Amino acid sequence: MSFWFTVLRQVGRNLRQTWMSQIMTLLTVSLSVLIFSLFYLIYTNMLTVGDQLGDDLRLIVYLEEQPVPEMQEQLRRKITAFDDVEEIKFISPEEAYEKFANQLGNDRDVLEDMPRDFLPPSIEVTPLKTLRSLNQIKLFSDYLAKLPGTLKVQYGQDWMERFFNFTRLLSIVVLLSGSLLILTTVFMVAYTIRLTIFGRHDELELLKLVGATNAYIRTPFLLEGLFQGLLGSMFGLAMLYMLFRWITERFAGPGFLSMIQFTFFPPVTIATIIVISVLLCTVGSHTSMQKYIKV
Amino acid sequence: MVELIKVSKRYPPDVTALSSVSLSVDRGEMFFIIGRSGAGKTTILKLISSMEPPTSGLVEISGQTIHRLKGGKLAKLRQKIGVAYQDFKLLTDRTAAENIAISMEVSYKKPQIIRNRVRSLLEQLDLADKHDTITGELSRGEQQRVTLARAVANSPTMVLVDEPTGNLDADTTERVVKLLQNSHKSGATVIIATHDESIYRNTSCRIMELRQGAIHSIVRGDQA
Ligand SMILES: Nc1ncnc2c1ncn2[C@@H]1O[C@H](COP(=O)(O)OP(=O)(O)O)[C@@H](O)[C@H]1O
Ligand SMILES: [Mg+2]
């Protein structure tokens with residue numbers, strides 16, 4: 001009881017003495033958390049968008065001629081040799097004709113004069129909806145193009161590639177801002193605690209002389225780092241949430257962005273970000289103490 | 001309780017403050033160290049309170065070689081030794097009460113107990129009205145008494161006092177001596193470094209005289 005009483009009073013004294021730099025640190029921590037989690041939020045939302053888009057993604061492999069059943073088996077094996085897929089479907093020229101005619105609807109009479117087999121036979125390959133297989137879709141299509149008897153492979157090549165290049169870039173930005181978060185929080189917290197330590201030098205010396213234990217001297221500083229991490233990350237996340245609400249409300253209604261369902265972090269991610277910030281700040285204050293409080 | 005075995009202390013570059021001092025002070029003894037300014041009195045107290053390591057020799061307290069102690073053990077030992085420093089070492093931006101409380105806070109005494117003890121000590125040292133005064137604003141004599149109060153507050157088993165009456169008038173000197181005698185009566189080992197003859201004149205305790213870092217004599221007060 002009186003341990004925590006003494007510790008908390010000490011934290012109060014530290015805050016009173018260095019409140020300016022404490023606030024600066026708090027803002028820096030919040031800002032780094034905000035920057036990092038903003039990019040991370042965009043990234044996770046892009047992944048969901050990618051998922052939604054990937055739902056309709058099929059590779060169509062046009063063939064020179066209708067494969068016989070043994071040939072079909074062989075093609076199937078070759079395709080799955082590259083990667084597991086969700087579905088492989090062989091489409092004969094007749095089925096293709098039917099499908100096309102259905103798509104034309106009332107205009108189907110334009111097909112009247114065409115032979116029933118004027119469309120080439122094809123294979124519809126539906127890739128697995130994992131990020132890995134979506135990422136290597138280009139490789140997959142190149143691979144399919146080299147199969148014997150292939151005329152051409154088709155899918156939403158252009159935008160798919162651009163989209164995945166973008167998410168890849170974004171993942172780099174997430175990593176960079178993550179490192180920024182780590183550096184700034186550890187550095188800033190270590191710095192303010194160093195200020196406090198220098199400001200209270202006489203007192204710390206005396207405390208050692210009258211027999212203060214390590215725990216007595218250090219716990220207030222560790223607690224200070226812990227509060228910085230806790231408040232800073234909660235503050236940063238709160239700002240991000242407000243930004244998120246503002247954007248989603250602003251772009252609600254008709255328009256390109258309204259097609260996508262944006263989501264905020266789930267509670268687990270929020271808790272993880274807070275816990276990691278707290279850990280980082282505590283590490284920051286710990287390094288400072290290792291350096292400047294010799295016991 | 002305290003054992004110094006052939007202890008020498010040299011300060012860099014080449015000041016020899018103590019040379020080969022051997023001394024033994026019993027548990028519960030009251031012991032005076034006298035000698036001119038520069039004789040090495042403060043240095044002995046610094047060695048006993050482990051503020052300074054000896055250059056050679058051993059300093060033992062209750063059988064433990066203190067300059068080998070570290071961390072928690074050293075802290076525990078220091079909580080049991082109350083020191084009134086010659087240069088006070090008060091936190092001049094805190095009140096008298098806060099300064100005295102420090103030595104009890106580090107061993108996590110209850111706030112209620114600390115409050116009562118602080119009041120009673122201030123009372124005994126005629127400082128009751130200075131409870132909430134910043135120590136930086138006190139006179140030297142008042143600061144000296146606050147230092148002493150801090151040294152005895154945590155009821156240490158050993159009290160080291162360096163020139164406790166340097167800035168005091170006869171009346172307050174008497175109060176200080178009374179306080180030290182109370183500590184002594186309740187069982188603490190008390191070591192007092194002083195050149196103020198008035199506080200050891202009528203004592204029956206042992207008195208050690210230092211000259212230039214060496215023991216000149218150790219006598220009983222009533223035999224001198
Ligand atoms: N930190 C120090 N550095 C160098 N010399 C010191 C230091 N402390 C004390 N001395 C020297 O050691 C000698 C003994 O000092 P001290 O123990 O303070 O004597 P006293 O307390 O009896 O006046 C003196 O000559 C003093 O100048
Ligand atoms: Mg001295």
# chains A, B, ... in the order shown; residues from 1 in each chain; ligands from 1
>>> residues_around(residues="segment 26-37 of chain A", least_positions_apart="6", cutoff="8 Å", atoms="only C-alpha atoms", output="list in words")
Val174, Ser177, Gly178, Leu180, Leu181, Thr184, Thr185, Met188, Gln228, Gly229, Leu231, Gly232, Ser233, Met234, Phe235, Gly236, Leu237, Met239, Leu240 and Ser277 of chain A
>>> interface_residues(of="chain B", to="chain A", cutoff="10 Å", atoms="only C-alpha atoms", output="MDAnalysis selection string")
chainID B and resid 49:51 70:83 89:92 102:111 150:151 154
>>> write_last_selection(atoms="C-alpha atoms", output="PDB file, in the first residue's frame")
ATOM      1  CA  SER B  49      28.581   4.918   5.830  1.00  0.00           C
ATOM      2  CA  SER B  50      30.063   3.467   2.604  1.00  0.00           C
ATOM      3  CA  MET B  51      30.012   6.782   0.799  1.00  0.00           C
ATOM      4  CA  LYS B  70      25.913  -3.992  -3.601  1.00  0.00           C
ATOM      5  CA  GLY B  71      22.322  -3.431  -4.603  1.00  0.00           C
ATOM      6  CA  GLY B  72      19.613  -4.515  -2.215  1.00  0.00           C
ATOM      7  CA  LYS B  73      21.964  -5.536   0.585  1.00  0.00           C
ATOM      8  CA  LEU B  74      23.746  -2.202   0.588  1.00  0.00           C
ATOM      9  CA  ALA B  75      20.402  -0.388   0.522  1.00  0.00           C
ATOM     10  CA  LYS B  76      19.152  -2.418   3.483  1.00  0.00           C
ATOM     11  CA  LEU B  77      22.312  -1.625   5.438  1.00  0.00           C
ATOM     12  CA  ARG B  78      22.086   2.080   4.641  1.00  0.00           C
ATOM     13  CA  GLN B  79      18.498   2.169   5.865  1.00  0.00           C
ATOM     14  CA  LYS B  80      19.860   1.061   9.212  1.00  0.00           C
ATOM     15  CA  ILE B  81      22.510   3.793   9.345  1.00  0.00           C
ATOM     16  CA  GLY B  82      21.375   7.373   9.876  1.00  0.00           C
ATOM     17  CA  VAL B  83      23.911  10.002   8.845  1.00  0.00           C
ATOM     18  CA  LYS B  89      22.623  17.303   1.898  1.00  0.00           C
ATOM     19  CA  LEU B  90      19.143  18.703   2.305  1.00  0.00           C
ATOM     20  CA  LEU B  91      16.790  19.031  -0.636  1.00  0.00           C
ATOM     21  CA  THR B  92      16.517  22.797  -0.516  1.00  0.00           C
ATOM     22  CA  ILE B 102      12.682  10.794   3.124  1.00  0.00           C
ATOM     23  CA  SER B 103      14.651   8.450   5.332  1.00  0.00           C
ATOM     24  CA  MET B 104      11.431   6.741   6.436  1.00  0.00           C
ATOM     25  CA  GLU B 105       9.834   6.668   2.998  1.00  0.00           C
ATOM     26  CA  VAL B 106      12.633   4.573   1.530  1.00  0.00           C
ATOM     27  CA  SER B 107      11.723   1.782   3.914  1.00  0.00           C
ATOM     28  CA  TYR B 108       8.029   2.209   3.111  1.00  0.00           C
ATOM     29  CA  LYS B 109       6.809   3.313   6.523  1.00  0.00           C
ATOM     30  CA  LYS B 110       3.118   4.125   6.694  1.00  0.00           C
ATOM     31  CA  PRO B 111       2.279   7.798   5.987  1.00  0.00           C
ATOM     32  CA  ARG B 150      16.423  13.029   9.172  1.00  0.00           C
ATOM     33  CA  ALA B 151      19.344  10.923  10.431  1.00  0.00           C
ATOM     34  CA  ASN B 154      13.978   5.925  10.783  1.00  0.00           C
TER      35      ASN B 154
END
>>> residues_near_ligand(ligand="ligand 1", cutoff="8 Å", atoms="only C-alpha atoms and all ligand atoms", output="PDB file with N, CA, C and O atoms, in the first residue's frame")
ATOM      1  N   ARG B  10      43.284   7.569   0.682  1.00  0.00           N
ATOM      2  CA  ARG B  10      43.983   8.602  -0.069  1.00  0.00           C
ATOM      3  C   ARG B  10      43.029   9.196  -1.079  1.00  0.00           C
ATOM      4  O   ARG B  10      42.339   8.481  -1.786  1.00  0.00           O
ATOM      5  N   TYR B  11      42.928  10.519  -1.108  1.00  0.00           N
ATOM      6  CA  TYR B  11      42.135  11.164  -2.144  1.00  0.00           C
ATOM      7  C   TYR B  11      43.070  11.532  -3.280  1.00  0.00           C
ATOM      8  O   TYR B  11      44.186  11.960  -3.032  1.00  0.00           O
ATOM      9  N   PRO B  12      42.619  11.363  -4.516  1.00  0.00           N
ATOM     10  CA  PRO B  12      43.475  11.782  -5.623  1.00  0.00           C
ATOM     11  C   PRO B  12      43.664  13.295  -5.580  1.00  0.00           C
ATOM     12  O   PRO B  12      42.752  14.001  -5.159  1.00  0.00           O
ATOM     13  N   PRO B  13      44.799  13.872  -5.969  1.00  0.00           N
ATOM     14  CA  PRO B  13      45.951  13.119  -6.464  1.00  0.00           C
ATOM     15  C   PRO B  13      46.763  12.458  -5.326  1.00  0.00           C
ATOM     16  O   PRO B  13      47.127  11.301  -5.436  1.00  0.00           O
ATOM     17  N   VAL B  15      46.350  13.252  -1.479  1.00  0.00           N
ATOM     18  CA  VAL B  15      46.047  13.688  -0.124  1.00  0.00           C
ATOM     19  C   VAL B  15      45.817  12.432   0.722  1.00  0.00           C
ATOM     20  O   VAL B  15      44.931  11.644   0.410  1.00  0.00           O
ATOM     21  N   THR B  16      46.615  12.237   1.725  1.00  0.00           N
ATOM     22  CA  THR B  16      46.386  11.095   2.599  1.00  0.00           C
ATOM     23  C   THR B  16      45.521  11.563   3.765  1.00  0.00           C
ATOM     24  O   THR B  16      45.970  12.289   4.647  1.00  0.00           O
ATOM     25  N   ALA B  17      44.245  11.161   3.739  1.00  0.00           N
ATOM     26  CA  ALA B  17      43.310  11.622   4.759  1.00  0.00           C
ATOM     27  C   ALA B  17      43.379  10.729   5.998  1.00  0.00           C
ATOM     28  O   ALA B  17      43.217  11.202   7.115  1.00  0.00           O
ATOM     29  N   LEU B  18      43.595   9.428   5.791  1.00  0.00           N
ATOM     30  CA  LEU B  18      43.723   8.488   6.913  1.00  0.00           C
ATOM     31  C   LEU B  18      44.869   7.533   6.605  1.00  0.00           C
ATOM     32  O   LEU B  18      45.028   7.098   5.469  1.00  0.00           O
ATOM     33  N   ILE B  34      37.326  13.280  17.803  1.00  0.00           N
ATOM     34  CA  ILE B  34      37.674  14.706  17.851  1.00  0.00           C
ATOM     35  C   ILE B  34      38.993  14.920  17.118  1.00  0.00           C
ATOM     36  O   ILE B  34      39.679  13.966  16.723  1.00  0.00           O
ATOM     37  N   GLY B  35      39.328  16.161  16.926  1.00  0.00           N
ATOM     38  CA  GLY B  35      40.552  16.494  16.219  1.00  0.00           C
ATOM     39  C   GLY B  35      40.350  17.765  15.436  1.00  0.00           C
ATOM     40  O   GLY B  35      39.219  18.206  15.221  1.00  0.00           O
ATOM     41  N   ARG B  36      41.473  18.371  15.036  1.00  0.00           N
ATOM     42  CA  ARG B  36      41.398  19.632  14.309  1.00  0.00           C
ATOM     43  C   ARG B  36      40.704  19.451  12.964  1.00  0.00           C
ATOM     44  O   ARG B  36      40.540  18.336  12.484  1.00  0.00           O
ATOM     45  N   SER B  37      40.351  20.558  12.394  1.00  0.00           N
ATOM     46  CA  SER B  37      39.821  20.530  11.039  1.00  0.00           C
ATOM     47  C   SER B  37      40.877  19.943  10.100  1.00  0.00           C
ATOM     48  O   SER B  37      42.042  20.301  10.178  1.00  0.00           O
ATOM     49  N   GLY B  38      40.474  18.988   9.256  1.00  0.00           N
ATOM     50  CA  GLY B  38      41.415  18.349   8.337  1.00  0.00           C
ATOM     51  C   GLY B  38      42.066  17.104   8.910  1.00  0.00           C
ATOM     52  O   GLY B  38      42.867  16.458   8.237  1.00  0.00           O
ATOM     53  N   ALA B  39      41.693  16.726  10.130  1.00  0.00           N
ATOM     54  CA  ALA B  39      42.335  15.574  10.752  1.00  0.00           C
ATOM     55  C   ALA B  39      41.848  14.244  10.167  1.00  0.00           C
ATOM     56  O   ALA B  39      42.511  13.221  10.306  1.00  0.00           O
ATOM     57  N   GLY B  40      40.673  14.249   9.532  1.00  0.00           N
ATOM     58  CA  GLY B  40      40.162  13.014   8.922  1.00  0.00           C
ATOM     59  C   GLY B  40      38.876  12.506   9.539  1.00  0.00           C
ATOM     60  O   GLY B  40      38.460  11.374   9.276  1.00  0.00           O
ATOM     61  N   LYS B  41      38.212  13.332  10.375  1.00  0.00           N
ATOM     62  CA  LYS B  41      36.979  12.900  11.050  1.00  0.00           C
ATOM     63  C   LYS B  41      35.885  12.572  10.035  1.00  0.00           C
ATOM     64  O   LYS B  41      35.282  11.488  10.070  1.00  0.00           O
ATOM     65  N   THR B  42      35.630  13.519   9.133  1.00  0.00           N
ATOM     66  CA  THR B  42      34.578  13.300   8.142  1.00  0.00           C
ATOM     67  C   THR B  42      34.881  12.073   7.286  1.00  0.00           C
ATOM     68  O   THR B  42      33.991  11.284   6.954  1.00  0.00           O
ATOM     69  N   THR B  43      36.160  11.907   6.961  1.00  0.00           N
ATOM     70  CA  THR B  43      36.552  10.766   6.124  1.00  0.00           C
ATOM     71  C   THR B  43      36.205   9.441   6.795  1.00  0.00           C
ATOM     72  O   THR B  43      35.674   8.528   6.147  1.00  0.00           O
ATOM     73  N   ILE B  44      36.448   9.339   8.089  1.00  0.00           N
ATOM     74  CA  ILE B  44      36.089   8.101   8.800  1.00  0.00           C
ATOM     75  C   ILE B  44      34.585   7.833   8.703  1.00  0.00           C
ATOM     76  O   ILE B  44      34.151   6.719   8.400  1.00  0.00           O
ATOM     77  N   ASP B 162      28.132  14.347  12.017  1.00  0.00           N
ATOM     78  CA  ASP B 162      29.337  15.111  11.685  1.00  0.00           C
ATOM     79  C   ASP B 162      29.156  16.569  12.097  1.00  0.00           C
ATOM     80  O   ASP B 162      28.319  17.266  11.529  1.00  0.00           O
ATOM     81  N   ALA B 193      31.375  13.017  15.325  1.00  0.00           N
ATOM     82  CA  ALA B 193      32.626  13.716  15.013  1.00  0.00           C
ATOM     83  C   ALA B 193      32.436  15.177  15.370  1.00  0.00           C
ATOM     84  O   ALA B 193      31.463  15.796  14.947  1.00  0.00           O
ATOM     85  N   LEU B 210      42.007  12.308  16.573  1.00  0.00           N
ATOM     86  CA  LEU B 210      42.767  12.106  15.340  1.00  0.00           C
ATOM     87  C   LEU B 210      43.733  13.262  15.160  1.00  0.00           C
ATOM     88  O   LEU B 210      43.406  14.413  15.464  1.00  0.00           O
ATOM     89  N   GLN B 212      46.157  14.406  11.920  1.00  0.00           N
ATOM     90  CA  GLN B 212      46.683  14.191  10.560  1.00  0.00           C
ATOM     91  C   GLN B 212      46.457  12.763  10.065  1.00  0.00           C
ATOM     92  O   GLN B 212      47.369  12.103   9.583  1.00  0.00           O
ATOM     93  N   GLY B 213      45.247  12.321  10.249  1.00  0.00           N
ATOM     94  CA  GLY B 213      44.871  11.039   9.671  1.00  0.00           C
ATOM     95  C   GLY B 213      45.299   9.827  10.471  1.00  0.00           C
ATOM     96  O   GLY B 213      45.136   8.697  10.003  1.00  0.00           O
TER      97      GLY B 213
END
>>> residues_around(residues="Arg27 of chain B", least_positions_apart="2", cutoff="6 Å", atoms="only C-alpha atoms", output="list in words")
Met1, Glu29 and Thr189 of chain B
>>> write_last_selection(atoms="N, CA and C atoms", output="tab-separated table (two decimals), in the first residue's frame")
chain	number	residue	atom	x	y	z
B	1	MET	N	30.29	-4.05	16.39
B	1	MET	CA	29.38	-3.40	15.43
B	1	MET	C	30.17	-2.82	14.26
B	29	GLU	N	27.29	1.53	21.66
B	29	GLU	CA	28.24	2.46	22.26
B	29	GLU	C	28.03	3.86	21.71
B	189	THR	N	23.96	2.57	18.15
B	189	THR	CA	25.36	2.95	18.20
B	189	THR	C	25.45	4.39	17.67
>>> closest_residue(among="B:Ile192, B:Ala149, B:Met208, B:Ile100", to="ligand 2", atoms="only C-alpha atoms and all ligand atoms")
B:Ile192
>>> residues_around(residues="segment 66-69 of chain A", least_positions_apart="2", cutoff="8 Å", atoms="only C-alpha atoms", output="list in words")
Leu63, Glu64, Met71, Gln72, Glu73, Ser92, Pro93, Pro120, Pro121 and Ser122 of chain A
>>> atom_distance(atom1="atom CA of Thr172 of chain B", atom2="atom CA of Thr203 of chain B")
18.1 Å
>>> select_by_dssp(residues="chain B", states="strand (DSSP E or B)", output="PyMOL selection string")
chain B and resi 2-11+15-25+30-34+56-61+64-65+81-84+95+134+158-162+189-193+206-211+214-220
>>> atom_distance(atom1="atom CA of Cys281 of chain A", atom2="atom CA of Leu175 of chain A")
18.9 Å
>>> atom_distance(atom1="atom CA of Gly28 of chain B", atom2="atom CA of Leu47 of chain B")
19.2 Å
>>> closest_residue(among="B:Ser22, B:Gln86, B:Pro164, B:Ser155", to="Lys185 of chain B", atoms="only C-alpha atoms")
B:Ser155
>>> closest_residue(among="B:Ile33, B:Val59, B:Leu23, B:Ile5", to="Cys205 of chain B", atoms="only C-alpha atoms")
B:Ile33
>>> select_by_dssp(residues="segment 180-279 of chain A", states="helix (DSSP H, G or I)", output="MDAnalysis selection string")
chainID A and resid 180:199 201:209 214:250 257:259 267:279
>>> write_last_selection(atoms="C-alpha atoms", output="compact mmCIF listing (two decimals), in the first residue's frame")
# COMPACT_ATOMS: atom_id res chain seq x y z
CA LEU A 180 9.67 5.29 -37.10
CA LEU A 181 7.23 4.55 -34.31
CA ILE A 182 9.76 2.37 -32.54
CA LEU A 183 12.61 4.87 -32.88
CA THR A 184 10.69 7.98 -31.87
CA THR A 185 8.96 6.47 -28.89
CA VAL A 186 12.04 4.82 -27.46
CA PHE A 187 14.19 7.87 -28.13
CA MET A 188 11.75 10.50 -26.90
CA VAL A 189 10.85 8.62 -23.75
CA ALA A 190 14.49 7.93 -22.99
CA TYR A 191 15.20 11.61 -23.55
CA THR A 192 12.53 13.00 -21.22
CA ILE A 193 13.43 10.54 -18.52
CA ARG A 194 17.04 11.58 -18.87
CA LEU A 195 15.92 15.18 -18.35
CA THR A 196 14.06 14.16 -15.23
CA ILE A 197 17.04 12.23 -13.94
CA PHE A 198 19.38 15.18 -14.45
CA GLY A 199 16.86 17.55 -12.90
CA HIS A 201 20.25 14.45 -9.57
CA ASP A 202 20.72 15.68 -5.99
CA GLU A 203 17.65 13.88 -4.81
CA LEU A 204 18.59 10.59 -6.46
CA GLU A 205 22.04 10.80 -4.88
CA LEU A 206 20.53 11.38 -1.46
CA LEU A 207 17.99 8.60 -1.92
CA LYS A 208 20.83 6.17 -2.54
CA LEU A 209 22.63 7.39 0.58
CA ASN A 214 16.62 0.03 -6.93
CA ALA A 215 12.91 -0.63 -7.04
CA TYR A 216 12.22 2.52 -5.04
CA ILE A 217 14.27 4.70 -7.35
CA ARG A 218 13.34 3.08 -10.63
CA THR A 219 9.67 2.20 -10.37
CA PRO A 220 8.51 5.82 -10.73
CA PHE A 221 10.50 6.20 -13.94
CA LEU A 222 9.28 2.91 -15.36
CA LEU A 223 5.75 3.92 -14.48
CA GLU A 224 6.28 7.24 -16.18
CA GLY A 225 7.32 5.47 -19.40
CA LEU A 226 4.38 3.14 -19.06
CA PHE A 227 1.92 6.03 -18.74
CA GLN A 228 3.50 7.76 -21.73
CA GLY A 229 3.01 4.63 -23.84
CA LEU A 230 -0.50 4.01 -22.62
CA LEU A 231 -1.81 7.56 -22.95
CA GLY A 232 0.15 8.28 -26.13
CA SER A 233 -1.11 5.22 -28.00
CA MET A 234 -4.69 5.64 -26.81
CA PHE A 235 -4.60 9.27 -27.85
CA GLY A 236 -3.12 8.42 -31.26
CA LEU A 237 -5.69 5.70 -31.87
CA ALA A 238 -8.51 7.99 -30.80
CA MET A 239 -7.35 10.59 -33.32
CA LEU A 240 -7.19 7.91 -36.00
CA TYR A 241 -10.70 6.78 -35.16
CA MET A 242 -12.04 10.30 -35.49
CA LEU A 243 -10.25 10.67 -38.81
CA PHE A 244 -11.70 7.35 -39.93
CA ARG A 245 -15.23 8.39 -38.99
CA TRP A 246 -14.83 11.68 -40.73
CA ILE A 247 -13.61 10.09 -43.97
CA THR A 248 -16.21 7.33 -44.08
CA GLU A 249 -19.02 9.76 -43.40
CA ARG A 250 -17.75 12.20 -45.96
CA LEU A 257 -15.38 4.64 -52.46
CA SER A 258 -18.87 3.73 -51.32
CA MET A 259 -18.52 0.37 -53.12
CA PRO A 267 -10.25 -4.84 -30.66
CA VAL A 268 -7.35 -7.31 -30.77
CA THR A 269 -5.32 -5.08 -33.08
CA ILE A 270 -6.09 -2.02 -30.95
CA ALA A 271 -4.97 -3.85 -27.82
CA THR A 272 -1.81 -5.06 -29.58
CA ILE A 273 -0.86 -1.55 -30.70
CA ILE A 274 -1.37 -0.23 -27.16
CA VAL A 275 0.57 -3.05 -25.54
CA ILE A 276 3.47 -2.65 -27.96
CA SER A 277 3.61 1.12 -27.39
CA VAL A 278 3.61 0.57 -23.65
CA LEU A 279 6.43 -1.95 -23.98
>>> closest_residue(among="B:Gly187, B:Ala84, B:Val176, B:Ile114", to="ligand 2", atoms="only C-alpha atoms and all ligand atoms")
B:Ala84
>>> residues_around(residues="Thr135 of chain B", least_positions_apart="5", cutoff="9 Å", atoms="only C-alpha atoms", output="ChimeraX atom specification")
/B:90-96,99,130,142-143,146
>>> write_last_selection(atoms="all heavy atoms", output="compact mmCIF listing (two decimals), in the first residue's frame")
# COMPACT_ATOMS: atom_id res chain seq x y z
N LEU B 90 20.60 18.53 2.28
CA LEU B 90 19.14 18.70 2.31
C LEU B 90 18.65 19.00 0.89
O LEU B 90 19.40 19.53 0.07
CB LEU B 90 18.76 19.86 3.23
CG LEU B 90 19.02 19.64 4.72
CD1 LEU B 90 18.76 20.92 5.50
CD2 LEU B 90 18.15 18.50 5.25
N LEU B 91 17.40 18.62 0.62
CA LEU B 91 16.79 19.03 -0.64
C LEU B 91 16.19 20.40 -0.39
O LEU B 91 15.15 20.54 0.27
CB LEU B 91 15.72 18.02 -1.06
CG LEU B 91 16.24 16.59 -1.20
CD1 LEU B 91 15.12 15.64 -1.55
CD2 LEU B 91 17.35 16.53 -2.24
N THR B 92 16.85 21.43 -0.93
CA THR B 92 16.52 22.80 -0.52
C THR B 92 15.21 23.30 -1.11
O THR B 92 14.75 24.39 -0.77
CB THR B 92 17.65 23.76 -0.90
OG1 THR B 92 17.97 23.53 -2.28
CG2 THR B 92 18.87 23.51 -0.05
N ASP B 93 14.60 22.53 -2.02
CA ASP B 93 13.31 22.96 -2.56
C ASP B 93 12.14 22.20 -1.91
O ASP B 93 11.02 22.26 -2.38
CB ASP B 93 13.28 22.77 -4.08
CG ASP B 93 13.55 21.33 -4.49
OD1 ASP B 93 14.00 20.54 -3.61
OD2 ASP B 93 13.30 20.99 -5.65
N ARG B 94 12.45 21.46 -0.83
CA ARG B 94 11.39 20.74 -0.13
C ARG B 94 11.27 21.30 1.29
O ARG B 94 12.20 21.88 1.83
CB ARG B 94 11.72 19.26 -0.03
CG ARG B 94 11.95 18.60 -1.35
CD ARG B 94 10.65 18.08 -1.94
NE ARG B 94 10.92 17.37 -3.16
CZ ARG B 94 11.27 16.09 -3.19
NH1 ARG B 94 11.36 15.41 -2.07
NH2 ARG B 94 11.53 15.50 -4.33
N THR B 95 10.14 21.01 1.90
CA THR B 95 9.93 21.51 3.26
C THR B 95 10.76 20.69 4.25
O THR B 95 11.24 19.61 3.92
CB THR B 95 8.45 21.38 3.67
OG1 THR B 95 8.12 20.00 3.72
CG2 THR B 95 7.54 22.08 2.69
N ALA B 96 10.88 21.22 5.45
CA ALA B 96 11.60 20.50 6.51
C ALA B 96 10.97 19.13 6.73
O ALA B 96 11.67 18.12 6.82
CB ALA B 96 11.56 21.33 7.79
N ASN B 99 11.87 16.66 4.00
CA ASN B 99 13.25 16.22 4.10
C ASN B 99 13.42 15.14 5.16
O ASN B 99 14.13 14.16 4.95
CB ASN B 99 14.16 17.40 4.41
CG ASN B 99 14.69 18.07 3.15
OD1 ASN B 99 15.64 17.58 2.56
ND2 ASN B 99 14.06 19.15 2.75
N LYS B 130 8.53 25.25 11.84
CA LYS B 130 9.18 25.21 10.51
C LYS B 130 8.72 24.01 9.69
O LYS B 130 9.30 23.70 8.65
CB LYS B 130 10.71 25.12 10.68
CG LYS B 130 11.32 26.23 11.51
CD LYS B 130 11.25 27.56 10.79
CE LYS B 130 12.02 28.62 11.54
NZ LYS B 130 11.22 29.83 11.78
N GLU B 142 19.20 25.91 11.77
CA GLU B 142 17.95 25.16 11.59
C GLU B 142 18.15 24.01 10.60
O GLU B 142 17.67 22.89 10.83
CB GLU B 142 16.85 26.11 11.10
CG GLU B 142 16.37 27.06 12.19
CD GLU B 142 15.64 28.28 11.64
OE1 GLU B 142 15.78 28.58 10.42
OE2 GLU B 142 14.95 28.93 12.42
N GLN B 143 18.88 24.30 9.53
CA GLN B 143 19.16 23.24 8.56
C GLN B 143 19.91 22.08 9.22
O GLN B 143 19.64 20.92 8.97
CB GLN B 143 20.00 23.79 7.40
CG GLN B 143 19.24 24.77 6.52
CD GLN B 143 20.10 25.30 5.40
OE1 GLN B 143 21.32 25.16 5.41
NE2 GLN B 143 19.46 25.94 4.43
N VAL B 146 17.50 19.96 11.07
CA VAL B 146 16.67 19.13 10.18
C VAL B 146 17.48 17.92 9.70
O VAL B 146 16.98 16.79 9.65
CB VAL B 146 16.18 19.97 8.97
CG1 VAL B 146 15.48 19.07 7.96
CG2 VAL B 146 15.26 21.08 9.43
>>> residues_around(residues="Lys89 of chain A", least_positions_apart="6", cutoff="9 Å", atoms="only C-alpha atoms", output="ChimeraX atom specification")
/A:122-126
